[in-house]
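What follows is coords.txt (compact mmCIF, C-alpha atoms).
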```txt
# COMPACT_ATOMS: atom_id res chain seq x y z
CA MET T 1 19.33 18.29 20.98
CA LYS T 2 17.54 19.56 17.90
CA LYS T 3 13.89 18.65 17.59
CA LYS T 4 11.80 19.23 14.47
CA ALA T 5 8.06 18.70 14.11
CA ILE T 6 6.80 17.42 10.78
CA ALA T 7 3.15 17.28 9.77
CA ALA T 8 2.44 13.78 8.49
CA THR T 9 -0.55 11.62 7.73
CA LEU T 10 -0.23 8.75 10.19
CA VAL T 11 -2.79 6.49 11.79
CA LEU T 12 -1.49 4.36 14.62
CA GLY T 13 -2.75 2.17 17.37
CA CYS T 14 0.09 3.15 19.65
CA ALA T 15 3.27 5.19 19.63
CA ALA T 16 6.79 3.87 19.60
CA PRO T 17 10.21 5.42 19.25
CA VAL T 18 11.84 4.60 15.96
CA ALA T 19 15.28 5.08 14.52
CA LEU T 20 16.69 5.40 11.06
CA VAL T 21 19.30 2.72 10.76
CA ALA T 22 22.06 2.06 8.28
CA GLY T 23 24.39 -0.82 7.71
CA ALA T 24 24.70 -4.21 6.09
CA GLY T 25 23.00 -2.90 2.99
CA VAL T 26 19.81 -1.99 4.84
CA VAL T 27 18.87 1.62 5.36
CA GLY T 28 15.49 2.58 6.69
CA ILE T 29 13.51 3.55 9.73
CA GLY T 30 13.30 0.64 12.13
CA MET T 31 9.74 1.26 13.12
CA PHE T 32 7.11 -1.10 14.55
CA ALA T 33 9.49 -3.99 15.15
CA GLY T 34 7.39 -6.98 16.12
CA SER T 35 4.15 -5.25 15.18
CA GLY T 36 1.47 -6.49 12.85
CA GLY T 37 2.90 -4.50 9.96
CA SER T 38 1.56 -1.50 8.16
CA ASN T 39 -1.98 -2.08 9.39
CA GLU T 40 -0.58 -0.48 12.56
CA ALA T 41 1.35 2.03 10.56
CA ILE T 42 0.67 4.74 8.05
CA CYS T 43 -2.63 5.48 6.39
CA ALA T 44 -4.21 8.45 4.74
CA GLY T 45 -7.09 10.26 6.35
CA SER T 46 -6.00 11.74 9.65
CA SER T 47 -2.88 13.31 11.07
CA LEU T 48 -0.53 12.75 13.94
CA SER T 49 2.59 14.70 14.78
CA VAL T 50 5.90 13.21 13.72
CA SER T 51 8.93 14.49 15.61
CA ILE T 52 12.53 13.99 14.61
CA GLU T 53 15.00 14.07 17.48
CA GLY T 54 18.71 14.14 16.96
CA GLU T 55 21.26 16.15 15.07
CA LEU T 56 19.61 16.58 11.71
CA PRO T 57 22.19 16.92 8.96
CA ALA T 58 22.67 20.47 7.73
CA GLY T 59 22.00 19.12 4.29
CA VAL T 60 23.55 16.84 1.73
CA GLY T 61 25.02 18.49 -1.34
CA SER T 62 22.70 21.29 -2.32
CA PHE T 63 19.72 19.90 -0.39
CA THR T 64 18.53 21.89 2.62
CA PRO T 65 17.74 20.67 6.15
CA GLN T 66 14.06 20.98 5.22
CA ALA T 67 14.68 18.55 2.38
CA MET T 68 16.28 16.18 4.89
CA GLU T 69 13.05 16.23 6.87
CA GLN T 70 11.07 15.30 3.78
CA ALA T 71 13.54 12.48 3.10
CA ALA T 72 13.10 11.20 6.66
CA VAL T 73 9.32 11.05 6.24
CA ILE T 74 9.64 9.23 2.90
CA MET T 75 11.94 6.67 4.50
CA LYS T 76 9.69 6.38 7.55
CA VAL T 77 6.66 5.61 5.42
CA GLY T 78 8.64 3.08 3.42
CA GLU T 79 9.80 1.20 6.50
CA ALA T 80 6.30 1.22 7.98
CA GLU T 81 4.89 -0.15 4.73
CA GLY T 82 7.46 -2.93 4.59
CA ILE T 83 9.40 -1.40 1.70
CA PRO T 84 13.08 -2.43 1.73
CA ALA T 85 15.99 -0.02 1.45
CA SER T 86 16.13 -0.46 -2.31
CA GLY T 87 12.55 0.80 -2.60
CA GLN T 88 13.21 3.72 -0.27
CA LEU T 89 16.14 4.61 -2.53
CA VAL T 90 13.83 4.65 -5.56
CA ALA T 91 11.40 6.93 -3.72
CA LEU T 92 14.12 9.37 -2.69
CA MET T 93 15.54 9.51 -6.21
CA THR T 94 12.06 10.22 -7.54
CA ALA T 95 11.30 13.02 -5.07
CA MET T 96 14.74 14.52 -5.71
CA GLN T 97 14.05 14.72 -9.44
CA GLU T 98 10.41 15.81 -9.20
CA SER T 99 10.72 18.49 -6.52
CA ARG T 100 14.24 18.53 -5.10
CA LEU T 101 12.70 16.92 -2.00
CA GLY T 102 10.42 19.92 -1.62
CA ASP T 103 13.17 22.48 -2.06
CA HIS T 104 11.80 23.60 -5.42
CA PRO T 105 9.69 26.74 -4.82
CA SER T 106 6.77 25.45 -6.91
CA THR T 107 6.54 22.06 -5.16
CA PHE T 108 3.20 22.64 -3.48
CA THR T 109 1.60 24.72 -6.24
CA PRO T 110 -0.10 22.66 -8.98
CA ASP T 111 1.60 22.92 -12.36
CA ALA T 112 -0.11 23.08 -15.75
CA ASN T 113 -0.92 19.37 -15.51
CA GLY T 114 -2.33 19.67 -12.00
CA ASP T 115 0.67 17.94 -10.39
CA ALA T 116 1.91 18.93 -6.92
CA GLY T 117 3.81 17.69 -3.88
CA VAL T 118 7.25 16.15 -3.53
CA PHE T 119 6.38 13.40 -6.02
CA GLN T 120 4.42 15.74 -8.32
CA GLN T 121 1.27 13.65 -8.17
CA ARG T 122 -1.85 14.74 -10.01
CA GLN T 123 -4.32 16.31 -7.59
CA LEU T 124 -7.24 16.59 -10.02
CA PRO T 125 -10.51 14.74 -9.29
CA GLY T 126 -10.17 11.03 -9.98
CA TRP T 127 -6.40 10.96 -9.51
CA TYR T 128 -4.05 10.70 -6.53
CA GLY T 129 -5.92 12.89 -4.07
CA SER T 130 -6.62 16.49 -3.13
CA LEU T 131 -3.97 19.20 -3.13
CA GLU T 132 -3.88 18.96 0.66
CA GLU T 133 -3.30 15.21 0.48
CA VAL T 134 -0.54 15.13 -2.14
CA SER T 135 1.14 18.05 -0.34
CA ASP T 136 1.36 15.87 2.78
CA THR T 137 4.61 13.99 2.22
CA SER T 138 3.58 10.94 4.24
CA TYR T 139 0.37 10.53 2.19
CA ALA T 140 2.26 11.14 -1.05
CA ALA T 141 4.93 8.59 -0.12
CA LYS T 142 2.38 5.90 0.72
CA VAL T 143 0.69 6.44 -2.63
CA PHE T 144 4.06 6.30 -4.39
CA TYR T 145 4.84 2.98 -2.73
CA LYS T 146 1.39 1.35 -2.79
CA GLY T 147 -0.60 3.18 -5.47
CA LYS T 148 -4.13 4.52 -5.25
CA THR T 149 -7.47 2.81 -5.92
CA LEU T 150 -10.19 5.04 -7.32
CA THR T 151 -13.41 4.91 -5.32
CA GLU T 152 -15.49 7.10 -7.63
CA GLU T 153 -16.31 7.28 -11.33
CA ILE T 154 -15.08 10.74 -12.38
CA GLU T 155 -14.82 11.98 -15.94
CA GLY T 156 -11.23 12.85 -16.75
CA GLY T 157 -9.87 10.68 -13.95
CA ALA T 158 -7.10 8.11 -14.21
CA GLY T 159 -9.59 5.31 -14.83
CA PRO T 160 -12.98 3.87 -13.88
CA LYS T 161 -14.13 3.27 -10.33
CA GLY T 162 -12.04 0.45 -8.86
CA TYR T 163 -9.03 1.19 -11.07
CA HIS T 164 -5.73 1.05 -9.19
CA ILE T 165 -3.12 3.66 -10.13
CA PRO T 166 0.05 1.58 -9.79
CA GLY T 167 2.59 2.26 -7.07
CA LEU T 168 6.08 0.84 -6.80
CA VAL T 169 4.91 -2.49 -5.37
CA ASN T 170 2.61 -2.95 -8.37
CA VAL T 171 5.54 -2.88 -10.79
CA ASP T 172 6.36 -6.48 -11.66
CA GLY T 173 9.88 -7.38 -10.54
CA TRP T 174 10.71 -3.85 -9.43
CA GLU T 175 13.32 -5.21 -7.04
CA LEU T 176 15.35 -6.48 -10.01
CA LEU T 177 15.15 -3.24 -11.99
CA ALA T 178 17.69 -0.45 -11.92
CA PRO T 179 16.37 2.25 -9.53
CA THR T 180 15.93 4.77 -12.36
CA VAL T 181 13.87 2.24 -14.35
CA ALA T 182 11.69 1.40 -11.33
CA ALA T 183 11.09 5.12 -10.71
CA GLN T 184 10.06 5.62 -14.34
CA ARG T 185 7.62 2.68 -14.22
CA VAL T 186 5.76 4.51 -11.45
CA GLN T 187 6.07 8.10 -12.65
CA ARG T 188 5.92 7.64 -16.43
CA SER T 189 7.97 10.77 -16.89
CA ALA T 190 8.81 12.44 -20.21
CA HIS T 191 12.42 12.26 -19.01
CA PRO T 192 12.85 8.59 -18.03
CA GLN T 193 16.61 8.70 -17.52
CA ALA T 194 16.58 11.78 -15.27
CA TYR T 195 16.22 9.84 -12.02
CA ALA T 196 19.59 8.12 -12.40
CA GLN T 197 21.55 11.31 -11.73
CA HIS T 198 20.30 11.37 -8.12
CA GLU T 199 21.29 7.87 -7.02
CA THR T 200 24.61 8.76 -5.41
CA GLU T 201 23.20 11.70 -3.43
CA ALA T 202 20.14 9.66 -2.44
CA ARG T 203 22.42 7.06 -0.90
CA GLU T 204 24.31 9.82 0.91
CA ILE T 205 21.05 11.20 2.31
CA MET T 206 20.03 7.77 3.59
CA SER T 207 23.39 7.40 5.29
CA ALA T 208 23.25 10.93 6.73
CA LEU T 209 19.90 10.21 8.36
CA SER T 210 21.11 6.98 9.97
CA GLY T 211 21.55 8.54 13.43
CA VAL T 212 18.21 10.34 13.65
CA ASP T 213 15.44 9.10 15.94
CA VAL T 214 11.84 9.50 14.89
CA SER T 215 8.93 9.33 17.31
CA ILE T 216 5.17 9.67 17.05
CA ASP T 217 2.84 11.79 19.14
CA PRO T 218 -0.27 9.67 19.81
CA SER T 219 -2.31 12.56 21.21
CA GLU T 220 -4.52 12.77 18.14
CA PRO T 221 -7.03 9.96 17.57
CA GLY T 222 -6.94 7.63 14.63
CA SER T 223 -7.93 4.17 13.50
CA ALA T 224 -5.22 1.53 13.68
CA VAL T 225 -5.88 0.46 10.11
CA CYS T 226 -7.05 1.80 6.80
CA GLY T 227 -7.51 0.96 3.19
CA ASP T 228 -8.68 2.31 -0.14
CA GLY T 229 -12.12 3.53 0.87
CA SER T 230 -12.57 0.88 3.55
CA SER T 231 -11.76 0.43 7.22
CA PHE T 232 -9.66 -2.71 7.56
CA THR T 233 -9.60 -3.83 11.18
CA ALA T 234 -6.96 -6.53 11.17
CA THR T 235 -3.47 -7.04 12.51
CA GLY T 236 -0.92 -9.84 12.61
CA ASP T 237 -1.34 -12.61 10.05
CA ILE T 238 -4.70 -11.36 8.81
CA GLY T 239 -3.22 -7.89 8.42
CA ALA T 240 -0.52 -9.45 6.22
CA VAL T 241 -3.20 -11.23 4.18
CA LEU T 242 -5.13 -8.03 3.54
CA GLU T 243 -1.98 -6.08 2.76
CA ARG T 244 -0.97 -8.61 0.13
CA ALA T 245 -4.46 -8.64 -1.35
CA GLN T 246 -4.32 -4.86 -1.69
CA THR T 247 -1.07 -5.02 -3.64
CA THR T 248 -2.98 -6.77 -6.44
CA LEU T 249 -5.74 -4.17 -6.78
CA GLY T 250 -6.15 -3.33 -10.44
CA GLN T 251 -4.61 -6.66 -11.51
CA THR T 252 -6.15 -8.02 -14.74
CA TYR T 253 -8.65 -10.86 -14.32
CA VAL T 254 -7.40 -14.05 -15.98
CA PHE T 255 -9.39 -17.23 -15.52
CA GLY T 256 -7.08 -19.83 -13.99
CA GLY T 257 -4.43 -17.19 -13.36
CA GLY T 258 -2.54 -16.76 -10.11
CA GLY T 259 -1.64 -19.01 -7.24
CA TRP T 260 0.40 -19.23 -4.07
CA ASP T 261 3.29 -17.30 -5.64
CA GLY T 262 1.19 -14.53 -7.17
CA PRO T 263 -0.43 -13.63 -10.49
CA THR T 264 0.46 -15.73 -13.53
CA ARG T 265 -0.28 -15.50 -17.24
CA GLY T 266 -0.72 -11.77 -16.82
CA GLY T 267 -3.30 -11.82 -14.06
CA GLN T 268 -5.31 -13.77 -11.50
CA ASP T 269 -8.78 -15.10 -10.90
CA CYS T 270 -10.78 -15.09 -7.67
CA SER T 271 -9.11 -18.10 -6.05
CA GLY T 272 -5.73 -17.02 -7.39
CA LEU T 273 -6.20 -13.87 -5.30
CA THR T 274 -7.17 -15.75 -2.15
CA THR T 275 -4.39 -18.34 -2.38
CA TYR T 276 -1.74 -15.66 -2.98
CA SER T 277 -3.09 -13.46 -0.17
CA TYR T 278 -3.18 -16.24 2.42
CA ALA T 279 0.28 -17.39 1.45
CA ALA T 280 1.48 -14.17 3.14
CA ALA T 281 0.44 -15.78 6.43
CA GLY T 282 2.04 -19.13 5.61
CA VAL T 283 -1.34 -20.68 4.76
CA ARG T 284 -1.66 -22.87 1.67
CA LEU T 285 -5.27 -22.81 0.52
CA PRO T 286 -6.61 -25.17 -2.14
CA ARG T 287 -6.36 -23.57 -5.56
CA THR T 288 -10.04 -23.29 -6.60
CA ALA T 289 -13.01 -21.56 -4.97
CA ARG T 290 -14.95 -24.82 -4.91
CA ALA T 291 -12.10 -26.69 -3.20
CA GLN T 292 -11.61 -23.87 -0.70
CA TRP T 293 -15.27 -23.99 0.34
CA ALA T 294 -15.14 -27.79 0.62
CA ALA T 295 -12.10 -27.52 2.90
CA LEU T 296 -13.41 -24.64 5.00
CA ARG T 297 -17.18 -25.04 5.19
CA SER T 298 -16.85 -26.63 8.63
CA HIS T 299 -15.45 -23.26 9.75
CA ALA T 300 -18.41 -21.27 8.42
CA VAL T 301 -19.63 -18.18 10.28
CA SER T 302 -22.80 -16.14 9.92
CA PRO T 303 -22.80 -12.79 8.08
CA SER T 304 -23.30 -11.01 11.41
CA GLU T 305 -20.05 -12.58 12.68
CA ALA T 306 -17.95 -11.72 9.62
CA GLN T 307 -14.44 -10.49 10.37
CA PRO T 308 -11.66 -9.17 8.12
CA GLY T 309 -9.93 -12.06 6.39
CA ASP T 310 -13.02 -14.27 6.22
CA LEU T 311 -13.70 -15.76 2.78
CA ILE T 312 -17.04 -15.08 1.09
CA PHE T 313 -18.22 -17.86 -1.24
CA GLU T 314 -20.75 -17.47 -4.02
CA ALA T 315 -22.38 -19.60 -6.69
CA TRP T 316 -23.00 -17.80 -9.97
CA GLY T 317 -23.67 -20.89 -12.11
CA ARG T 318 -26.88 -21.51 -13.97
CA LEU T 319 -28.23 -23.71 -11.22
CA GLY T 320 -26.64 -21.67 -8.46
CA SER T 321 -25.68 -24.82 -6.59
CA GLU T 322 -21.89 -25.04 -7.00
CA VAL T 323 -19.38 -22.55 -5.64
CA SER T 324 -17.83 -20.54 -8.45
CA HIS T 325 -16.48 -17.40 -6.78
CA VAL T 326 -14.64 -16.32 -3.63
CA GLY T 327 -13.63 -12.96 -2.19
CA ILE T 328 -11.97 -11.70 0.99
CA TYR T 329 -13.96 -9.71 3.52
CA VAL T 330 -12.03 -6.61 4.62
CA GLY T 331 -14.49 -5.06 7.06
CA ASP T 332 -16.81 -2.07 6.88
CA GLY T 333 -19.11 -3.97 4.51
CA LYS T 334 -16.41 -4.34 1.83
CA MET T 335 -14.60 -7.19 0.12
CA ILE T 336 -11.62 -7.58 -2.20
CA GLU T 337 -12.33 -9.78 -5.20
CA ALA T 338 -10.85 -10.65 -8.56
CA SER T 339 -13.96 -9.80 -10.53
CA ARG T 340 -14.61 -11.47 -13.86
CA SER T 341 -17.29 -8.92 -14.79
CA ALA T 342 -15.05 -5.94 -13.98
CA ALA T 343 -11.99 -7.72 -15.45
CA VAL T 344 -9.79 -6.56 -12.54
CA THR T 345 -9.18 -7.12 -8.85
CA LYS T 346 -11.09 -4.45 -6.93
CA ILE T 347 -12.81 -3.49 -3.70
CA SER T 348 -16.57 -4.12 -3.80
CA ASP T 349 -19.52 -4.00 -1.47
CA ALA T 350 -19.58 -7.32 0.36
CA ARG T 351 -22.48 -9.45 -0.88
CA LEU T 352 -23.58 -11.22 2.28
CA SER T 353 -27.03 -12.22 1.08
CA GLY T 354 -28.87 -12.99 -2.14
CA SER T 355 -29.40 -16.06 -4.28
CA GLN T 356 -25.70 -16.25 -5.14
CA PHE T 357 -24.56 -16.27 -1.50
CA VAL T 358 -23.24 -19.63 -0.30
CA GLY T 359 -21.48 -18.84 2.95
CA ILE T 360 -18.59 -17.25 4.83
CA ALA T 361 -15.69 -19.29 6.15
CA ARG T 362 -12.93 -18.34 8.56
CA VAL T 363 -9.48 -19.76 7.86
CA PRO T 364 -8.26 -21.39 11.09
CA ASP T 365 -4.76 -20.88 12.43
CA GLY T 366 -2.29 -23.32 10.98
CA PHE T 367 -4.59 -24.43 8.17
CA THR T 368 -3.07 -26.45 5.32
CA GLU T 369 -4.90 -28.00 2.41
```

Translate this file's structure into structure tokens.
Amino acid sequence: MKKKAIAATLVLGCAAPVALVAGAGVVGIGMFAGSGGSNEAICAGSSLSVSIEGELPAGVGSFTPQAMEQAAVIMKVGEAEGIPASGQLVALMTAMQESRLGDHPSTFTPDANGDAGVFQQRQLPGWYGSLEEVSDTSYAAKVFYKGKTLTEEIEGGAGPKGYHIPGLVNVDGWELLAPTVAAQRVQRSAHPQAYAQHETEAREIMSALSGVDVSIDPSEPGSAVCGDGSSFTATGDIGAVLERAQTTLGQTYVFGGGGWDGPTRGGQDCSGLTTYSYAAAGVRLPRTARAQWAALRSHAVSPSEAQPGDLIFEAWGRLGSEVSHVGIYVGDGKMIEASRSAAVTKISDARLSGSQFVGIARVPDGFTE
């Protein structure tokens, strides 16, 4: 049985055999079934060995076996990040156009724009990552799917500190778009129709990989979770809450915007973020920060007891007596908030003291407003 080792950026709490599966309109890598989701899956920052066991296809069309390996990693990351087959198809079509799935000889050498890797992501300071990172297909795939939040203010970068370079999940209604249109919304290519030519072969590649098993070597250490500049230590329902919150990073701040079903009127405010995030766990929070604190203050915890998923309440009014803001604690001294002053949803230092601090509340299991 053929066995190929692929270098990939993975951070896992435990190892599990996984299989690429096809059928009934779903093609992907059936990884982490019954797990807490991608908080136990793929993150940037450290490496584990990914092995593919099974008869790898010799290639599809003009794509080499090495390209098939890259396709397997892209699909693996997509499944681990909860991306459906339609999103994995978009990613494959994109990598086929941008680099021939790594078969193009210049794939891992930056071009005149500083782009490199299978998705040709910009590896200049303040963009997608270092050359080493964007050349790692698992890192590059995660950024393609989920985007990248900038943690530093760098001249010439994609945006200011806290700006979120959009990934596929940040494209409104991407699931309803033609795959070539969805790919273009992420890549912003000078040749927006070029992705369409790869759809048929991309589907063939997904089908060809359906009998390949993928497993993970847990011998290298790594945190079970990660985030954009923060260490998110949550699994299960809280992991789902934080994952959903992260998908809105970079979202425009709109007072009164957002709710249980997501951003509205072009954006979200602080409590729009928290209600949408907790809806991922089946929890229906009250719609305003003030009402959330009133409902949850009996579940308050001290700053020293703060855990990921806890809600941080603040009062920024003139008298400082009424709750006017809420954010979600993500661990490692960080919080996600829809910030009125920054005009976007971003990751900030958690403010667990000061005159504005009101309290921290933990949402109990099964809570309903």

Taking a cut-off of 8 Å and counting all atoms listed in the file, can you build a table that, for each residue of segment 229-288 of chain T near segment 325-347 of chain T, reports the nearest atom pair and how far apart they are in Å (one decimal), sorted by chain then residue number, as a Markdown table?
```
| residue | atom | partner | partner_atom | distance |
| --- | --- | --- | --- | --- |
| T:Ser230 | CA | T:Asp332 | CA | 6.1 |
| T:Ser231 | CA | T:Asp332 | CA | 5.6 |
| T:Phe232 | CA | T:Gly331 | CA | 5.4 |
| T:Thr233 | CA | T:Gly331 | CA | 6.5 |
| T:Leu242 | CA | T:Val330 | CA | 7.1 |
| T:Ala245 | CA | T:Ile336 | CA | 7.3 |
| T:Gln246 | CA | T:Ile336 | CA | 7.8 |
| T:Thr248 | CA | T:Thr345 | CA | 6.7 |
| T:Leu249 | CA | T:Thr345 | CA | 5.0 |
| T:Gly250 | CA | T:Thr345 | CA | 5.1 |
| T:Gln251 | CA | T:Val344 | CA | 5.3 |
| T:Thr252 | CA | T:Val344 | CA | 4.5 |
| T:Tyr253 | CA | T:Ala343 | CA | 4.7 |
| T:Val254 | CA | T:Ala343 | CA | 7.8 |
| T:Phe255 | CA | T:Arg340 | CA | 7.9 |
| T:Gln268 | CA | T:Ala338 | CA | 7.0 |
| T:Asp269 | CA | T:Ala338 | CA | 5.4 |
| T:Cys270 | CA | T:Ala338 | CA | 4.5 |
| T:Ser271 | CA | T:Val326 | CA | 6.3 |
| T:Leu273 | CA | T:Ala338 | CA | 6.5 |
| T:Thr274 | CA | T:Ile328 | CA | 7.0 |
```

- Between atom CA of Thr275 of chain T and atom CA of Gly259 of chain T, what is the spacing in Å?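 Rounded to one decimal, the two atoms are 5.6 Å apart.
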
Please identify all polymer residues within 12 Å of segment 179-195 of chain T, counting all atoms listed in the file, omitting same-chain residues fewer than 5 positions from it, and present them as an MDAnalysis selection string.
chainID T and resid 85:100 115 119:122 143:148 165:174 200:203

Using all atoms listed in the file, which residues sit within 6 Å of segment 124-137 of chain T once same-chain residues fewer than 3 positions away are excluded, as a list in words? Phe108, Gly117, Ala140, Ala141, Ile154, Gly157 and Ala158 of chain T

Please dump the current selection as an mmCIF file, in the coordinates of the input; keep C-alpha atoms.
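Wrote again.cif, looks like this:
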```
data_model
loop_
_atom_site.group_PDB
_atom_site.id
_atom_site.type_symbol
_atom_site.label_atom_id
_atom_site.label_comp_id
_atom_site.auth_asym_id
_atom_site.auth_seq_id
_atom_site.Cartn_x
_atom_site.Cartn_y
_atom_site.Cartn_z
ATOM 1 C CA PHE T 108 3.200 22.640 -3.480
ATOM 2 C CA GLY T 117 3.810 17.690 -3.880
ATOM 3 C CA ALA T 140 2.260 11.140 -1.050
ATOM 4 C CA ALA T 141 4.930 8.590 -0.120
ATOM 5 C CA ILE T 154 -15.080 10.740 -12.380
ATOM 6 C CA GLY T 157 -9.870 10.680 -13.950
ATOM 7 C CA ALA T 158 -7.100 8.110 -14.210
#
```

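You will find atom CA of Thr247 of chain T at 10.7 Å from atom CA of Tyr276 of chain T.
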
Note to self: Please report the interatomic distance between atom CA of Tyr139 of chain T and atom CA of Gln307 of chain T in Å with one decimal.
What the structure shows: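 Separation of atom CA of Tyr139 of chain T and atom CA of Gln307 of chain T: 27.0 Å.
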